[in-house]
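Please read the structure below before turning to the comments.
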Amino acid sequence: MTSLLRAKYDQHPELAKILLATGNSTLVYDDLNSAFSGDNGERGRNWTGRLLELVRSDLHIRHYGDRGL
């Protein structure tokens with residue numbers, strides 16, 4: 001899943017810019033149908049949100065180096 005998200009943001013720089021604009025915010029993927037990938041009303045594990053944060057960190061390092069982390 002992480003590889004797919006990285007590929008998505010590599011292929012769509014406008015989406016990468018939006019993801020980077022979230023700064024250090026906690027990302028919550030709101031999916032009421034999945035207790036694993038989504039937040040599911042604060043009962044889920046939010047793995048998609050966590051992976052997006054990881055991809056955002058990777059993008060930040062590639063664009064800006066390790067400044068600001």
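In the structure tokens, the first chain shown is A, the next is B, and so on; residue numbers restart at 1 for each chain, and ligands run from 1 in the order shown.
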
Which residues come within 7 Å of range 10-27 of chain A, counting only C-alpha atoms, excluding same-chain residues fewer than 5 positions away, as a PDB file with N, CA and C atoms, in the first residue's frame?
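Final output, selection-v6.pdb:
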```
ATOM      1  N   GLY A  49      -4.390   6.805   6.937  1.00  0.00           N
ATOM      2  CA  GLY A  49      -3.925   8.106   7.414  1.00  0.00           C
ATOM      3  C   GLY A  49      -2.467   8.065   7.844  1.00  0.00           C
ATOM      4  N   ARG A  50      -2.086   7.014   8.547  1.00  0.00           N
ATOM      5  CA  ARG A  50      -0.698   6.863   8.994  1.00  0.00           C
ATOM      6  C   ARG A  50       0.257   6.700   7.817  1.00  0.00           C
ATOM      7  N   GLU A  53       0.856   9.978   6.160  1.00  0.00           N
ATOM      8  CA  GLU A  53       1.826  10.767   6.925  1.00  0.00           C
ATOM      9  C   GLU A  53       3.254  10.331   6.586  1.00  0.00           C
ATOM     10  N   ARG A  56       4.043  11.627   3.165  1.00  0.00           N
ATOM     11  CA  ARG A  56       4.255  13.070   3.285  1.00  0.00           C
ATOM     12  C   ARG A  56       5.665  13.362   3.803  1.00  0.00           C
ATOM     13  N   HIS A  60       8.556  15.377   1.781  1.00  0.00           N
ATOM     14  CA  HIS A  60       9.193  16.549   2.389  1.00  0.00           C
ATOM     15  C   HIS A  60      10.712  16.437   2.323  1.00  0.00           C
TER      16      HIS A  60
END
```

Name the residues of range 8-50 of chain A that come out as alpha helix (DSSP H) in a backbone DSSP run; write them as a ChimeraX atom specification. /A:8-11,13-20,47-50

Using Å and a single decimal, report how far CA of Val55 in chain A sits from CA of Tyr9 in chain A. 8.3 Å
